[in-house]
Amino acid sequence: MLKNKAFSRQTKQGRVIKEVREHYLRDDIYCGAPYCKSCNVSSARLSASPSTILVLDTNVVLNQIDLLENPAIDNVVVLSVVLAEVKNKNIAVYNRLRALCSNSLRKFFVFSNEYHKDTYVNAMAGESPNDRNDRAIRTAAKWYQGHLESASILLITNDRENKKKAIEEGISAETIECYVKSLGQPELLDLIVQPPSEDVNMDDVEDLRPSKRKVIYSEHKPMSEITSGLLRGLLHQGKLRVNRFNPFEAYVGSESIGDEIIIYGRANMNRAFDGDIVAVELLPQEQWHEEKSLALADEDDDEEDVHLAPNSADDAPRVMNQGQTAPEEMKPSRPTGRVVGIIKRNWHSYCGSLEPMPMPAGDGGRAQALFVSKDRRIPKIRIQTRQLGNLLDKRIVVAVDSWDRLSRYPTGHYVRTIGEIGDRDTETEVVLIENDINTRPFSAQVLACLPPLPWSVSSQDLTNPIRQDLRHLRVCSVDPPGCKDIDDALHCMPLSNGNFEVGVHIADVTNFVHPGTPLDDEASQRGTSVYLVERRIDMLPKPLTEDICSLRADVERLAFSVIWEMTPDAEIISTKYTKSVIKSCAALSYVEAQARMDDSRLVDPITSDLRNLNGLAKIMRQRRIDRGALTLASAEVKFQIDTETHDPLDIGMYQIREANQMVEEFMLAANVAVAEKILKHFPPCALLRRHPSPTKEMLEPLLRTAEAVGLSLDVTSSKALADSLDRAKGDDPYFNKLIRILATRCMTQAVYFCSGDLSPPEYLHYGLASPLYTHFTSPIRRYADVIVHRLLAASLGIYKLPGVFQDRPKLTSISDNLNYRHRNAQMASRASIELHTLIFFRKRPTDTEARIVKIRSNGFIVFVPKYGIEGPVYVTSKGDNGGEWLVDEKQQKIRKLDGSASYGVLGTVRIHMEVVEPQPNRPKLQLTLV
Amino acid sequence: MEYVNPEGLRLDGRRPMEMRQLRAEIGVLSRADGSASFEMGNTKVIAAVYGPREVQNRSQQMNDQALVRCEYSMANFSTGDRRRKTKADRRSTEISLVIHQTMEACILTHLMPRSQIDIYVQVLQADGGTRSACINAATLALADAGIPMRDLVTSCSAGYLNSTPLLDLNYLEDSAGGADVTVGILPKLDKVTLLQMDAKLPMDIFENVMQLAVEGCKAVESHIREILLENAKTLGNRRGV
Ligand SMILES: [Zn+2]
């Protein structure tokens, strides 16, 4: 088996332990050139005819990955030593390089030089690992030169020393700049990352030439000083989070002081980006208030756009300093600080567009432009481009390279163009990139984990003792129309004792997704399916999502079932959990189910099952509400999309029917039942979902609004709030719903967590008034449910608990990732709806009714119930200081001095909606009073 | 963790179906009746066989067959980290038992009634696959001692990582937490005498992995036969045959 393999040992010096690993050198590693006479060419990937082959140095890969992704760079040999170094230094770049190597459209060939008998180099005594690797790269380049005589080999390196040695050894070597210049495509030069050496020594600038550039930011402390500062408690370390709605305000969650430190203003943020790990110094307490004004003073021309009405506090602006009216002394002072050093950068690439600017004259078409990210948390980025005219009306991707003390904005480089601003596909891609959503097709490795198609329930499945045969039950599913990924179904059977047997059947995804497989890893990374207006990005490959797992009608499917015996009063007598085989007899839409239940002429078995279920659900729902569950309201929008052009044809509120509530009720019950079961069996490692109680501070805007309209709300508990919401009756039928919508947006969202990380009182789900909750019912589209299925199966003794559940930090990081993905998926959905709203109104200026939700100094914010959006309406033009209008922010009223008009919060106004373009190619929706 | 890279190479440069380098030597201890050392890559074990000889403890003597005893140990220096082990920890007891059963099954004990055969195996250096290496070393030592056997029992392991069946896991791969299937066969008789797995695998995958391990056993067998033949030749030469 092991033929003629020479043998050498590599010693790896660990901390204490010396590890000896075998390292086999081979003679069956091929060069990858299809025209090679001496190699096996079956896996060859380089160009078909001899031409220049590039061998890349590690530093080129690490710094210039954006350039490498451009198709102009091709016919490249990637050495395994380079791959290993890149993987050590930057995993993100490594993944991108790997993607290039596996992309069949590109000619990137991986040469395993570390395992080739002629290219392996042993470290010499006294040689640093870096030097050894450089030598390995040169050795491999040299080998290629000798091996492929007809092709020319070019080593690309920006390491001066390496280049010099290569040339001495007779290898042709170039810097990346020289090589790109030789290609004669000037726009490629935009992609090159300029080495930061250009922004020279600060001292030189300050001392020698009192240039016009003045120092804007204070110096970052050296790492040694930061470390000792952190140790002595003078500095605090944490991740910087910039306020999504006010980029001049940021928070650093600090473990050392157990609170968030607020950073006001760009100067105090001192060049830190959202997501950076920073070192913060607290400001003297007497400055805490003064600094606050910086956050506002900095603000330039940021106007609020019309956006989708928020569904939770996470979507809405933080409670901000409400101008002068908010009583300052009542607000508790929060620790305020400034960034003194950056421990770890979170720079990546950003989507956005260039700030409109005139074309510069001359200078060979080279222009300095400012890039504005779509993500408002990111500062403007200065880039240099030779294709300004081409880029002004485009959405582009830009990466950040550096930010020195003398520049107001960071410096970056152009990466690629996505498409024209305003174009639906372009903007959708922007949404996906911004929210870090993986839309790549599933890899061959992942697809290899799928069972062979066509799949059907096998006789083994039926005889498997863990599985109960429930095919005889009359099971049906109720979902939105056109739903293809059906992950839940119900049955309801009257028992002879007058009780009901009710079953919730969930697609048995974990029967196909096994822990540790590439399929499982991929799903765990994706975390959730993403639903955009016109498309869906699946968590699992389509055959699983739409066929094998989907509980479609009239086919046998595997399920995980929760079965209760319930009295006619919906009291649960017993709960049973089992894997099962079911055969759904109908896949209904909500509308169909509702129509059946409403049609008194229908008496078929399914319809009566539905009526029984609905009856039970109503009782369960009422009981839940009595316990204090909040019936919150959100404005969900539904588009009707043209199947050909994918343009929105109509838009309206999503109508919630009894049938929706019926299904929801049983899903909630199943989730609660499963949460109890898994927590009982695995107290330290159950994955649960909690909804934190809102703090007083968070509910303040709701209380202020309610007070302005003379409504008093009791927010001491969820029960009290629910009751006072029930009592909130206004003059019109929509008033109550409006108050509920306002209440909803004060709450944060529910989050996943690992039960071992918190104590039981914190497990509470506030909105559902349930002490325990988890997600079990949608494993096709949520990975959390997949984990919960595994936990439930283990608690029933069906499978062993996978090893990951023993590893608490890993589990916590999984649940963090799920929260991140979940949040991003929601933001992407919202952004997609906003985008389609904009497209819809582009050709349809409309007059409609709106409700005022907040009065401001220059107008008010309105909510448009029909379209689920909200945005500002200005009664005075910008710069005009109120003039003829009198604003009473406390009473939330605004009126004209001459008394001809007045508006109060929650009042109704008629507005005109129209898409305007204040700047070319920057369309936005504008709301004006009629 | 990536145990097989997209180029199809494992961490130590082997391909999934390749075994580590095998090395074996016979007669390494002159006092024993039979002895051998066996190496699979960096795993090195030594085996010594005493017997057939008089039964030391009369009460254990059997009138119809030989008594086979087996003692397994791990040298304190074998793993590199200086972990002190109690002499009879559970793992050693279990491995002793496995080796004992496997060897006893292939020795023709009924030919040597009222006698005792002692097999000692010690791991000098551990790098995964110690169980298999011990069995292979014991086989060689028994052959060296001239003890009659049904067949040369050989052993090899295979695992399943990154959705790929891998032959002959080294320590790094073994500690990855995937399945590890150890198989022992009687190659001439085409019989499996040992089958161990310490994780769960779907049936179809298990069959593939086990088949791979069986292939590994056969490769070990041909290597062992070569060593024995060579040994027989040198012995012959010494006697002037
Ligand atoms: Zn070749």
# chains A, B, ... in the order shown; residues from 1 in each chain; ligands from 1
>>> interface_residues(of="chain A", to="chain B", cutoff="6 Å", atoms="only C-alpha atoms", output="list in words")
Met1, Glu22, His23, Tyr24 and Tyr115 of chain A
>>> residues_near_ligand(ligand="ligand 1", cutoff="12 Å", atoms="only C-alpha atoms and all ligand atoms", output="JSON, numbers by chain")
{"A": [27, 28, 29, 30, 31, 32, 33, 34, 35, 36, 37, 38, 39, 40, 41, 42, 43, 44, 45, 46, 50, 111, 143, 144, 145, 146, 147, 148, 149, 150, 151]}
>>> select_by_dssp(residues="range 57-141 of chain B", states="alpha helix (DSSP H)", output="list in words")
Arg90, Arg91, Ser92, Thr93, Glu94, Ile95, Ser96, Leu97, Val98, Ile99, His100, Gln101, Thr102, Met103, Glu104, Ala105, Cys106, Thr130, Arg131, Ser132, Ala133, Cys134, Ile135, Asn136, Ala137, Ala138, Thr139, Leu140 and Ala141 of chain B
>>> residues_around(residues="range 144-146 of chain B", least_positions_apart="3", cutoff="8 Å", atoms="only C-alpha atoms", output="ChimeraX atom specification")
/B:26-27,33-36,49-51,140-141
>>> write_last_selection(atoms="N, CA, C and O atoms", output="compact mmCIF listing (two decimals), in the first residue's frame")
# COMPACT_ATOMS: atom_id res chain seq x y z
N ILE B 26 11.74 -10.08 14.26
CA ILE B 26 11.47 -11.29 15.05
C ILE B 26 12.68 -11.60 15.91
O ILE B 26 13.83 -11.31 15.53
N GLY B 27 12.40 -12.16 17.09
CA GLY B 27 13.50 -12.60 17.95
C GLY B 27 14.25 -11.45 18.59
O GLY B 27 15.47 -11.47 18.70
N ASP B 33 10.84 -17.45 24.63
CA ASP B 33 10.77 -18.53 23.64
C ASP B 33 10.44 -17.97 22.26
O ASP B 33 10.79 -18.54 21.24
N GLY B 34 9.71 -16.90 22.27
CA GLY B 34 9.43 -16.23 21.00
C GLY B 34 9.22 -14.76 21.28
O GLY B 34 8.69 -14.40 22.34
N SER B 35 9.66 -13.91 20.36
CA SER B 35 9.46 -12.48 20.61
C SER B 35 9.44 -11.75 19.28
O SER B 35 9.92 -12.25 18.26
N ALA B 36 8.84 -10.56 19.30
CA ALA B 36 8.79 -9.76 18.09
C ALA B 36 8.50 -8.33 18.46
O ALA B 36 7.87 -8.04 19.48
N VAL B 49 6.75 -14.26 24.19
CA VAL B 49 5.94 -15.45 24.47
C VAL B 49 6.81 -16.46 25.23
O VAL B 49 7.96 -16.70 24.85
N TYR B 50 6.26 -16.98 26.33
CA TYR B 50 6.93 -18.06 27.07
C TYR B 50 6.03 -19.29 27.00
O TYR B 50 4.84 -19.19 27.26
N GLY B 51 6.60 -20.40 26.68
CA GLY B 51 5.79 -21.61 26.66
C GLY B 51 5.83 -22.30 25.32
O GLY B 51 6.55 -21.85 24.43
N LEU B 140 3.27 -12.63 15.68
CA LEU B 140 4.65 -12.88 15.27
C LEU B 140 5.43 -13.61 16.36
O LEU B 140 6.17 -14.55 16.09
N ALA B 141 5.22 -13.17 17.61
CA ALA B 141 5.97 -13.79 18.70
C ALA B 141 5.56 -15.25 18.88
O ALA B 141 6.40 -16.12 19.12
>>> residues_around(residues="range 61-70 of chain B", least_positions_apart="6", cutoff="12 Å", atoms="only C-alpha atoms", output="ChimeraX atom specification")
/B:47-55,92-122,134-135,138,142,147-148
>>> residues_around(residues="Gly170 in chain A", least_positions_apart="5", cutoff="10 Å", atoms="only C-alpha atoms", output="PyMOL selection string")
chain A and resi 138+142+145+165
>>> residues_around(residues="range 482-492 of chain A", least_positions_apart="4", cutoff="8 Å", atoms="only C-alpha atoms", output="mmCIF file with all heavy atoms, in the first residue's frame")
data_model
loop_
_atom_site.group_PDB
_atom_site.id
_atom_site.type_symbol
_atom_site.label_atom_id
_atom_site.label_comp_id
_atom_site.auth_asym_id
_atom_site.auth_seq_id
_atom_site.Cartn_x
_atom_site.Cartn_y
_atom_site.Cartn_z
ATOM 1 N N LEU A 473 -53.627 7.458 11.267
ATOM 2 C CA LEU A 473 -54.238 8.671 11.816
ATOM 3 C C LEU A 473 -54.580 9.658 10.704
ATOM 4 O O LEU A 473 -53.895 9.733 9.691
ATOM 5 C CB LEU A 473 -53.282 9.334 12.805
ATOM 6 C CG LEU A 473 -53.041 8.583 14.110
ATOM 7 C CD1 LEU A 473 -52.027 9.327 14.952
ATOM 8 C CD2 LEU A 473 -54.347 8.414 14.875
ATOM 9 N N ARG A 474 -55.652 10.427 10.952
ATOM 10 C CA ARG A 474 -56.073 11.426 9.969
ATOM 11 C C ARG A 474 -55.314 12.723 10.271
ATOM 12 O O ARG A 474 -55.767 13.564 11.028
ATOM 13 C CB ARG A 474 -57.582 11.619 10.061
ATOM 14 C CG ARG A 474 -58.182 12.350 8.911
ATOM 15 C CD ARG A 474 -59.685 12.158 8.887
ATOM 16 N NE ARG A 474 -60.242 12.452 10.209
ATOM 17 C CZ ARG A 474 -61.027 11.612 10.899
ATOM 18 N NH1 ARG A 474 -61.358 10.445 10.397
ATOM 19 N NH2 ARG A 474 -61.481 11.953 12.075
ATOM 20 N N VAL A 475 -54.125 12.825 9.671
ATOM 21 C CA VAL A 475 -53.249 13.964 9.929
ATOM 22 C C VAL A 475 -53.389 14.971 8.802
ATOM 23 O O VAL A 475 -53.528 14.567 7.643
ATOM 24 C CB VAL A 475 -51.780 13.477 10.010
ATOM 25 C CG1 VAL A 475 -50.821 14.644 10.076
ATOM 26 C CG2 VAL A 475 -51.588 12.553 11.199
ATOM 27 N N CYS A 476 -53.399 16.244 9.114
ATOM 28 C CA CYS A 476 -53.378 17.234 8.036
ATOM 29 C C CYS A 476 -52.511 18.418 8.456
ATOM 30 O O CYS A 476 -52.202 18.608 9.631
ATOM 31 C CB CYS A 476 -54.778 17.693 7.680
ATOM 32 S SG CYS A 476 -55.549 18.652 8.973
ATOM 33 N N SER A 477 -52.086 19.196 7.464
ATOM 34 C CA SER A 477 -51.242 20.347 7.758
ATOM 35 C C SER A 477 -51.940 21.620 7.310
ATOM 36 O O SER A 477 -52.709 21.601 6.351
ATOM 37 C CB SER A 477 -49.894 20.205 7.055
ATOM 38 O OG SER A 477 -50.080 20.169 5.665
ATOM 39 N N VAL A 478 -51.672 22.700 8.007
ATOM 40 C CA VAL A 478 -52.252 23.998 7.650
ATOM 41 C C VAL A 478 -51.109 25.006 7.614
ATOM 42 O O VAL A 478 -50.406 25.204 8.609
ATOM 43 C CB VAL A 478 -53.303 24.445 8.691
ATOM 44 C CG1 VAL A 478 -53.990 25.714 8.226
ATOM 45 C CG2 VAL A 478 -54.310 23.351 8.940
ATOM 46 N N PHE A 500 -59.923 14.041 23.905
ATOM 47 C CA PHE A 500 -59.361 14.072 22.556
ATOM 48 C C PHE A 500 -57.913 13.632 22.597
ATOM 49 O O PHE A 500 -57.197 13.938 23.556
ATOM 50 C CB PHE A 500 -59.404 15.486 21.982
ATOM 51 C CG PHE A 500 -60.792 15.968 21.690
ATOM 52 C CD1 PHE A 500 -61.451 16.809 22.569
ATOM 53 C CD2 PHE A 500 -61.438 15.568 20.526
ATOM 54 C CE1 PHE A 500 -62.726 17.262 22.297
ATOM 55 C CE2 PHE A 500 -62.719 16.011 20.244
ATOM 56 C CZ PHE A 500 -63.369 16.862 21.137
ATOM 57 N N GLU A 501 -57.516 12.921 21.559
ATOM 58 C CA GLU A 501 -56.075 12.703 21.365
ATOM 59 C C GLU A 501 -55.640 13.709 20.317
ATOM 60 O O GLU A 501 -56.167 13.724 19.202
ATOM 61 C CB GLU A 501 -55.801 11.287 20.881
ATOM 62 C CG GLU A 501 -54.311 11.032 20.710
ATOM 63 C CD GLU A 501 -54.022 9.700 20.035
ATOM 64 O OE1 GLU A 501 -53.972 8.674 20.726
ATOM 65 O OE2 GLU A 501 -53.854 9.701 18.795
ATOM 66 N N VAL A 502 -54.696 14.583 20.700
ATOM 67 C CA VAL A 502 -54.226 15.612 19.782
ATOM 68 C C VAL A 502 -52.749 15.379 19.534
ATOM 69 O O VAL A 502 -51.978 15.194 20.478
ATOM 70 C CB VAL A 502 -54.445 17.014 20.377
ATOM 71 C CG1 VAL A 502 -53.897 18.073 19.434
ATOM 72 C CG2 VAL A 502 -55.909 17.260 20.652
ATOM 73 N N GLY A 503 -52.356 15.373 18.280
ATOM 74 C CA GLY A 503 -50.954 15.149 17.966
ATOM 75 C C GLY A 503 -50.385 16.284 17.135
ATOM 76 O O GLY A 503 -51.047 16.785 16.228
ATOM 77 N N VAL A 504 -49.156 16.679 17.488
ATOM 78 C CA VAL A 504 -48.408 17.616 16.652
ATOM 79 C C VAL A 504 -47.279 16.795 16.044
ATOM 80 O O VAL A 504 -46.508 16.167 16.770
ATOM 81 C CB VAL A 504 -47.843 18.773 17.495
ATOM 82 C CG1 VAL A 504 -46.838 19.573 16.693
ATOM 83 C CG2 VAL A 504 -48.963 19.663 17.985
ATOM 84 N N HIS A 505 -47.209 16.756 14.728
ATOM 85 C CA HIS A 505 -46.209 15.925 14.042
ATOM 86 C C HIS A 505 -45.239 16.841 13.314
ATOM 87 O O HIS A 505 -45.650 17.655 12.496
ATOM 88 C CB HIS A 505 -46.893 14.977 13.066
ATOM 89 C CG HIS A 505 -48.010 14.215 13.711
ATOM 90 N ND1 HIS A 505 -47.805 13.077 14.450
ATOM 91 C CD2 HIS A 505 -49.341 14.473 13.768
ATOM 92 C CE1 HIS A 505 -48.967 12.653 14.922
ATOM 93 N NE2 HIS A 505 -49.920 13.482 14.525
ATOM 94 N N ILE A 506 -43.974 16.670 13.653
ATOM 95 C CA ILE A 506 -42.950 17.555 13.095
ATOM 96 C C ILE A 506 -42.013 16.734 12.216
ATOM 97 O O ILE A 506 -41.643 15.611 12.572
ATOM 98 C CB ILE A 506 -42.137 18.219 14.231
ATOM 99 C CG1 ILE A 506 -43.073 18.934 15.210
ATOM 100 C CG2 ILE A 506 -41.113 19.181 13.673
ATOM 101 C CD1 ILE A 506 -43.916 20.026 14.619
ATOM 102 N N ALA A 507 -41.635 17.307 11.081
ATOM 103 C CA ALA A 507 -40.750 16.615 10.139
ATOM 104 C C ALA A 507 -39.519 16.087 10.881
ATOM 105 O O ALA A 507 -38.890 16.807 11.654
ATOM 106 C CB ALA A 507 -40.323 17.582 9.053
ATOM 107 N N THR A 545 -35.698 19.872 1.985
ATOM 108 C CA THR A 545 -36.639 20.930 2.335
ATOM 109 C C THR A 545 -38.013 20.699 1.722
ATOM 110 O O THR A 545 -39.033 20.831 2.387
ATOM 111 C CB THR A 545 -36.078 22.275 1.834
ATOM 112 O OG1 THR A 545 -34.770 22.424 2.357
ATOM 113 C CG2 THR A 545 -36.929 23.417 2.295
ATOM 114 N N GLU A 546 -38.033 20.389 0.424
ATOM 115 C CA GLU A 546 -39.321 20.373 -0.262
ATOM 116 C C GLU A 546 -39.882 18.977 -0.458
ATOM 117 O O GLU A 546 -41.029 18.818 -0.835
ATOM 118 C CB GLU A 546 -39.190 21.062 -1.629
ATOM 119 C CG GLU A 546 -38.926 22.539 -1.475
ATOM 120 C CD GLU A 546 -39.023 23.286 -2.784
ATOM 121 O OE1 GLU A 546 -39.238 22.625 -3.822
ATOM 122 O OE2 GLU A 546 -38.871 24.513 -2.764
ATOM 123 N N ASP A 547 -39.038 17.964 -0.253
ATOM 124 C CA ASP A 547 -39.558 16.631 -0.542
ATOM 125 C C ASP A 547 -39.432 15.680 0.650
ATOM 126 O O ASP A 547 -40.405 15.376 1.321
ATOM 127 C CB ASP A 547 -38.832 16.085 -1.789
ATOM 128 C CG ASP A 547 -39.348 14.716 -2.184
ATOM 129 O OD1 ASP A 547 -40.430 14.349 -1.682
ATOM 130 O OD2 ASP A 547 -38.691 14.019 -2.964
ATOM 131 N N CYS A 549 -38.303 15.704 3.717
ATOM 132 C CA CYS A 549 -38.753 16.054 5.069
ATOM 133 C C CYS A 549 -40.154 16.657 5.062
ATOM 134 O O CYS A 549 -40.891 16.535 6.032
ATOM 135 C CB CYS A 549 -37.789 17.048 5.710
ATOM 136 S SG CYS A 549 -36.203 16.319 6.095
ATOM 137 N N SER A 550 -40.492 17.327 3.995
ATOM 138 C CA SER A 550 -41.754 18.065 3.949
ATOM 139 C C SER A 550 -42.940 17.120 4.125
ATOM 140 O O SER A 550 -43.067 16.121 3.416
ATOM 141 C CB SER A 550 -41.843 18.789 2.603
ATOM 142 O OG SER A 550 -43.029 19.520 2.543
ATOM 143 N N LEU A 551 -43.823 17.455 5.076
ATOM 144 C CA LEU A 551 -44.952 16.565 5.398
ATOM 145 C C LEU A 551 -46.091 16.805 4.408
ATOM 146 O O LEU A 551 -47.155 17.299 4.763
ATOM 147 C CB LEU A 551 -45.420 16.813 6.829
ATOM 148 C CG LEU A 551 -44.343 16.650 7.905
ATOM 149 C CD1 LEU A 551 -44.905 16.982 9.281
ATOM 150 C CD2 LEU A 551 -43.767 15.242 7.909
ATOM 151 N N ARG A 552 -45.826 16.448 3.148
ATOM 152 C CA ARG A 552 -46.800 16.725 2.100
ATOM 153 C C ARG A 552 -47.985 15.763 2.195
ATOM 154 O O ARG A 552 -47.911 14.732 2.865
ATOM 155 C CB ARG A 552 -46.125 16.592 0.736
ATOM 156 C CG ARG A 552 -45.053 17.655 0.527
ATOM 157 C CD ARG A 552 -44.433 17.559 -0.819
ATOM 158 N NE ARG A 552 -43.784 16.261 -1.019
ATOM 159 C CZ ARG A 552 -43.810 15.598 -2.165
ATOM 160 N NH1 ARG A 552 -44.482 16.082 -3.195
ATOM 161 N NH2 ARG A 552 -43.191 14.447 -2.282
ATOM 162 N N SER A 584 -50.007 12.247 5.795
ATOM 163 C CA SER A 584 -50.929 13.383 5.860
ATOM 164 C C SER A 584 -52.004 13.210 4.794
ATOM 165 O O SER A 584 -51.732 12.767 3.680
ATOM 166 C CB SER A 584 -50.147 14.672 5.617
ATOM 167 O OG SER A 584 -51.018 15.735 5.391
ATOM 168 N N SER A 589 -54.198 25.325 3.091
ATOM 169 C CA SER A 589 -53.708 26.664 3.386
ATOM 170 C C SER A 589 -54.585 27.229 4.493
ATOM 171 O O SER A 589 -55.664 26.696 4.775
ATOM 172 C CB SER A 589 -53.769 27.543 2.146
ATOM 173 O OG SER A 589 -55.112 27.829 1.856
ATOM 174 N N ASP A 609 -62.437 17.529 12.485
ATOM 175 C CA ASP A 609 -61.169 17.556 13.229
ATOM 176 C C ASP A 609 -60.707 18.990 13.431
ATOM 177 O O ASP A 609 -60.302 19.385 14.529
ATOM 178 C CB ASP A 609 -60.070 16.812 12.456
ATOM 179 C CG ASP A 609 -60.253 15.307 12.525
ATOM 180 O OD1 ASP A 609 -61.144 14.864 13.272
ATOM 181 O OD2 ASP A 609 -59.500 14.592 11.831
ATOM 182 N N LEU A 610 -60.763 19.748 12.330
ATOM 183 C CA LEU A 610 -60.301 21.135 12.406
ATOM 184 C C LEU A 610 -61.122 21.916 13.413
ATOM 185 O O LEU A 610 -60.598 22.688 14.203
ATOM 186 C CB LEU A 610 -60.393 21.806 11.027
ATOM 187 C CG LEU A 610 -59.360 21.364 9.986
ATOM 188 C CD1 LEU A 610 -59.679 21.971 8.633
ATOM 189 C CD2 LEU A 610 -57.950 21.765 10.414
ATOM 190 N N ASN A 612 -62.730 20.723 15.995
ATOM 191 C CA ASN A 612 -62.346 20.300 17.342
ATOM 192 C C ASN A 612 -61.048 20.974 17.776
ATOM 193 O O ASN A 612 -60.933 21.463 18.894
ATOM 194 C CB ASN A 612 -62.160 18.779 17.384
ATOM 195 C CG ASN A 612 -63.502 18.070 17.381
ATOM 196 O OD1 ASN A 612 -64.522 18.649 17.757
ATOM 197 N ND2 ASN A 612 -63.498 16.814 16.948
ATOM 198 N N LEU A 613 -60.079 20.940 16.844
ATOM 199 C CA LEU A 613 -58.784 21.569 17.153
ATOM 200 C C LEU A 613 -58.974 23.038 17.470
ATOM 201 O O LEU A 613 -58.421 23.567 18.430
ATOM 202 C CB LEU A 613 -57.828 21.409 15.959
ATOM 203 C CG LEU A 613 -57.189 20.046 15.763
ATOM 204 C CD1 LEU A 613 -56.496 19.980 14.417
ATOM 205 C CD2 LEU A 613 -56.196 19.758 16.875
ATOM 206 N N THR A 777 -40.667 23.036 16.451
ATOM 207 C CA THR A 777 -41.656 22.736 15.422
ATOM 208 C C THR A 777 -41.248 23.080 13.995
ATOM 209 O O THR A 777 -42.014 22.816 13.080
ATOM 210 C CB THR A 777 -42.974 23.469 15.745
ATOM 211 O OG1 THR A 777 -42.670 24.840 15.968
ATOM 212 C CG2 THR A 777 -43.621 22.887 16.979
ATOM 213 N N SER A 778 -40.070 23.653 13.779
ATOM 214 C CA SER A 778 -39.688 23.989 12.400
ATOM 215 C C SER A 778 -38.269 23.564 12.062
ATOM 216 O O SER A 778 -37.445 24.387 11.685
ATOM 217 C CB SER A 778 -39.832 25.488 12.157
ATOM 218 O OG SER A 778 -41.139 25.894 12.380
ATOM 219 N N PRO A 779 -37.961 22.272 12.186
ATOM 220 C CA PRO A 779 -36.572 21.861 11.968
ATOM 221 C C PRO A 779 -36.119 21.988 10.516
ATOM 222 O O PRO A 779 -34.921 21.955 10.255
ATOM 223 C CB PRO A 779 -36.568 20.395 12.403
ATOM 224 C CG PRO A 779 -37.973 19.946 12.212
ATOM 225 C CD PRO A 779 -38.834 21.146 12.507
ATOM 226 N N ILE A 780 -37.050 22.107 9.579
ATOM 227 C CA ILE A 780 -36.616 22.235 8.186
ATOM 228 C C ILE A 780 -35.971 23.587 7.960
ATOM 229 O O ILE A 780 -35.053 23.737 7.179
ATOM 230 C CB ILE A 780 -37.801 22.050 7.211
ATOM 231 C CG1 ILE A 780 -38.397 20.653 7.356
ATOM 232 C CG2 ILE A 780 -37.381 22.284 5.771
ATOM 233 C CD1 ILE A 780 -39.561 20.376 6.430
ATOM 234 N N ARG A 781 -36.459 24.594 8.673
ATOM 235 C CA ARG A 781 -35.962 25.940 8.394
ATOM 236 C C ARG A 781 -35.231 26.619 9.554
ATOM 237 O O ARG A 781 -34.787 27.734 9.419
ATOM 238 C CB ARG A 781 -37.099 26.825 7.893
ATOM 239 C CG ARG A 781 -38.265 26.880 8.834
ATOM 240 C CD ARG A 781 -39.437 27.608 8.187
ATOM 241 N NE ARG A 781 -40.546 27.643 9.088
ATOM 242 C CZ ARG A 781 -40.700 28.567 10.023
ATOM 243 N NH1 ARG A 781 -39.812 29.518 10.164
ATOM 244 N NH2 ARG A 781 -41.744 28.537 10.817
#
>>> atom_distance(atom1="CA of Gly341 in chain A", atom2="CA of Gly238 in chain A")
11.1 Å
>>> atom_distance(atom1="CA of Glu161 in chain A", atom2="CA of Val55 in chain A")
16.3 Å
>>> residues_around(residues="Asp134 in chain A", least_positions_apart="6", cutoff="9 Å", atoms="only C-alpha atoms", output="PyMOL selection string")
chain A and resi 57-58+162
>>> write_last_selection(atoms="all heavy atoms", output="compact mmCIF listing (two decimals), in the first residue's frame")
# COMPACT_ATOMS: atom_id res chain seq x y z
N ASP A 57 2.91 34.12 -2.96
CA ASP A 57 3.47 34.12 -1.62
C ASP A 57 2.33 34.37 -0.63
O ASP A 57 1.28 34.92 -0.99
CB ASP A 57 4.51 35.25 -1.53
CG ASP A 57 5.32 35.17 -0.25
OD1 ASP A 57 5.07 34.24 0.55
OD2 ASP A 57 6.21 36.02 -0.05
N THR A 58 2.53 33.97 0.62
CA THR A 58 1.46 34.10 1.62
C THR A 58 0.98 35.54 1.78
O THR A 58 -0.22 35.80 1.86
CB THR A 58 1.95 33.58 2.98
OG1 THR A 58 2.58 32.33 2.78
CG2 THR A 58 0.81 33.42 3.95
N ASN A 162 12.28 37.97 0.15
CA ASN A 162 11.93 36.75 -0.56
C ASN A 162 12.14 36.96 -2.06
O ASN A 162 12.66 36.08 -2.76
CB ASN A 162 10.47 36.39 -0.26
CG ASN A 162 10.19 34.92 -0.55
OD1 ASN A 162 11.11 34.15 -0.79
ND2 ASN A 162 8.92 34.57 -0.54
